[in-house]
$ cat data-v6.pdb   # PDB, C-alpha atoms
ATOM      1  CA  MET W   1       0.000   0.000   0.000  1.00  0.00           C
ATOM      2  CA  HIS W   2       1.271   3.456  -0.915  1.00  0.00           C
ATOM      3  CA  ILE W   3      -0.610   5.853   1.367  1.00  0.00           C
ATOM      4  CA  GLY W   4       0.236   8.990  -0.599  1.00  0.00           C
ATOM      5  CA  GLU W   5      -1.200   7.564  -3.802  1.00  0.00           C
ATOM      6  CA  LEU W   6      -4.289   6.432  -1.917  1.00  0.00           C
ATOM      7  CA  ILE W   7      -4.819   9.926  -0.477  1.00  0.00           C
ATOM      8  CA  ARG W   8      -4.462  11.437  -3.955  1.00  0.00           C
ATOM      9  CA  GLU W   9      -6.938   8.922  -5.435  1.00  0.00           C
ATOM     10  CA  VAL W  10      -9.534   9.571  -2.734  1.00  0.00           C
ATOM     11  CA  ALA W  11      -9.154  13.334  -3.070  1.00  0.00           C
ATOM     12  CA  GLU W  12      -9.529  13.121  -6.848  1.00  0.00           C
ATOM     13  CA  ARG W  13     -12.612  10.870  -6.585  1.00  0.00           C
ATOM     14  CA  GLN W  14     -14.161  13.487  -4.313  1.00  0.00           C
ATOM     15  CA  GLY W  15     -13.262  16.256  -6.754  1.00  0.00           C
ATOM     16  CA  ARG W  16     -10.888  17.822  -4.223  1.00  0.00           C
ATOM     17  CA  SER W  17      -7.836  19.621  -5.547  1.00  0.00           C
ATOM     18  CA  ALA W  18      -4.415  19.786  -3.948  1.00  0.00           C
ATOM     19  CA  ILE W  19      -5.127  23.455  -3.274  1.00  0.00           C
ATOM     20  CA  TRP W  20      -8.336  22.557  -1.406  1.00  0.00           C
ATOM     21  CA  LEU W  21      -6.550  19.953   0.721  1.00  0.00           C
ATOM     22  CA  ALA W  22      -3.715  22.384   1.403  1.00  0.00           C
ATOM     23  CA  GLU W  23      -6.210  24.929   2.679  1.00  0.00           C
ATOM     24  CA  GLN W  24      -7.852  22.347   4.943  1.00  0.00           C
ATOM     25  CA  LEU W  25      -4.504  21.393   6.468  1.00  0.00           C
ATOM     26  CA  SER W  26      -3.032  24.918   6.512  1.00  0.00           C
ATOM     27  CA  TYR W  27      -0.265  23.704   4.194  1.00  0.00           C
ATOM     28  CA  ASN W  28       0.961  24.993   0.890  1.00  0.00           C
ATOM     29  CA  ARG W  29       0.191  23.132  -2.311  1.00  0.00           C
ATOM     30  CA  ALA W  30       3.785  21.912  -2.721  1.00  0.00           C
ATOM     31  CA  ASN W  31       3.526  20.073   0.607  1.00  0.00           C
ATOM     32  CA  ILE W  32       0.403  18.264  -0.577  1.00  0.00           C
ATOM     33  CA  TYR W  33       2.262  16.978  -3.628  1.00  0.00           C
ATOM     34  CA  LYS W  34       5.015  15.760  -1.293  1.00  0.00           C
ATOM     35  CA  ILE W  35       2.393  13.902   0.761  1.00  0.00           C
ATOM     36  CA  TYR W  36       1.140  12.246  -2.435  1.00  0.00           C
ATOM     37  CA  GLN W  37       4.668  10.876  -2.962  1.00  0.00           C
ATOM     38  CA  LYS W  38       5.010   9.381   0.529  1.00  0.00           C
ATOM     39  CA  SER W  39       4.743   5.642   1.052  1.00  0.00           C
ATOM     40  CA  SER W  40       4.291   6.190   4.806  1.00  0.00           C
ATOM     41  CA  ILE W  41       2.911   9.046   6.854  1.00  0.00           C
ATOM     42  CA  ASP W  42       2.777  10.339  10.416  1.00  0.00           C
ATOM     43  CA  SER W  43      -0.409   9.216  12.188  1.00  0.00           C
ATOM     44  CA  ASP W  44      -1.343  12.744  13.329  1.00  0.00           C
ATOM     45  CA  LEU W  45      -1.148  14.005   9.758  1.00  0.00           C
ATOM     46  CA  LEU W  46      -3.099  10.995   8.486  1.00  0.00           C
ATOM     47  CA  LEU W  47      -5.818  11.733  11.041  1.00  0.00           C
ATOM     48  CA  ARG W  48      -6.039  15.357   9.864  1.00  0.00           C
ATOM     49  CA  ILE W  49      -6.258  14.220   6.243  1.00  0.00           C
ATOM     50  CA  SER W  50      -8.888  11.617   7.154  1.00  0.00           C
ATOM     51  CA  LYS W  51     -11.008  14.290   8.819  1.00  0.00           C
ATOM     52  CA  ALA W  52     -10.604  16.742   5.937  1.00  0.00           C
ATOM     53  CA  LEU W  53     -11.603  14.145   3.342  1.00  0.00           C
ATOM     54  CA  LYS W  54     -14.086  12.398   5.662  1.00  0.00           C
ATOM     55  CA  TYR W  55     -12.413   9.093   4.808  1.00  0.00           C
ATOM     56  CA  ASP W  56     -10.899   6.432   7.074  1.00  0.00           C
ATOM     57  CA  PHE W  57      -7.400   5.809   5.730  1.00  0.00           C
ATOM     58  CA  PHE W  58      -6.522   3.862   8.874  1.00  0.00           C
ATOM     59  CA  LYS W  59      -8.703   0.956   7.761  1.00  0.00           C
ATOM     60  CA  TYR W  60      -6.071   0.035   5.182  1.00  0.00           C
ATOM     61  CA  TYR W  61      -3.519  -0.434   7.932  1.00  0.00           C
ATOM     62  CA  SER W  62      -6.006  -2.536   9.920  1.00  0.00           C
ATOM     63  CA  VAL W  63      -6.559  -4.792   6.923  1.00  0.00           C
ATOM     64  CA  GLU W  64      -2.819  -5.147   6.464  1.00  0.00           C
ATOM     65  CA  LEU W  65      -2.433  -6.120  10.133  1.00  0.00           C
ATOM     66  CA  GLU W  66      -5.189  -8.704   9.846  1.00  0.00           C
ATOM     67  CA  GLU W  67      -3.605 -10.203   6.750  1.00  0.00           C
ATOM     68  CA  ASN W  68      -0.258 -10.478   8.548  1.00  0.00           C
ATOM     69  CA  LYS W  69      -1.655 -11.653  11.883  1.00  0.00           C
ATOM     70  CA  LYS W  70       0.063 -14.999  11.532  1.00  0.00           C
ATOM     71  CA  ASP W  71       3.415 -13.161  11.713  1.00  0.00           C
ATOM     72  CA  PHE W  72       2.735 -12.009  15.301  1.00  0.00           C
TER      73      PHE W  72
END
$ encode --input "data-v6.pdb" --output "structure tokens"
Amino acid sequence: MHIGELIREVAERQGRSAIWLAEQLSYNRANIYKIYQKSSIDSDLLLRISKALKYDFFKYYSVELEENKKDF
């Protein structure tokens, strides 16, 4: 899973631009494009993005944990 790509896809499906997301997070647009390139992300930032887009990105991590449960 590449979280940055997932965030970009969800934002695009919702018709949200990088500028819109930047405004929601009090970031500049360049930082949003950097987020889109990240394969991992700080949980506080992911929570802020989840709230802005009204989308639970954490569920993808939960699914990944469930799939790898046998490794615990």
$ resolve_selection --input "data-v6.pdb" --expression "the PyMOL selection byres ((chain W and resi 31-45) around 9)" --output "list in words"
Met1, His2, Ile3, Gly4, Glu5, Leu6, Ile7, Arg8, Ala18, Ile19, Leu21, Ala22, Leu25, Tyr27, Asn28, Arg29, Ala30, Leu46, Leu47, Arg48, Ile49, Ser50 and Phe58 of chain W
$ atom_distance --input "data-v6.pdb" --atom1 "CA of Phe57 (chain W)" --atom2 "CA of Arg16 (chain W)"
16.0 Å
$ atom_distance --input "data-v6.pdb" --atom1 "CA of Val10 (chain W)" --atom2 "CA of Leu65 (chain W)"
21.5 Å
$ atom_distance --input "data-v6.pdb" --atom1 "CA of Gln24 (chain W)" --atom2 "CA of Asp56 (chain W)"
16.3 Å
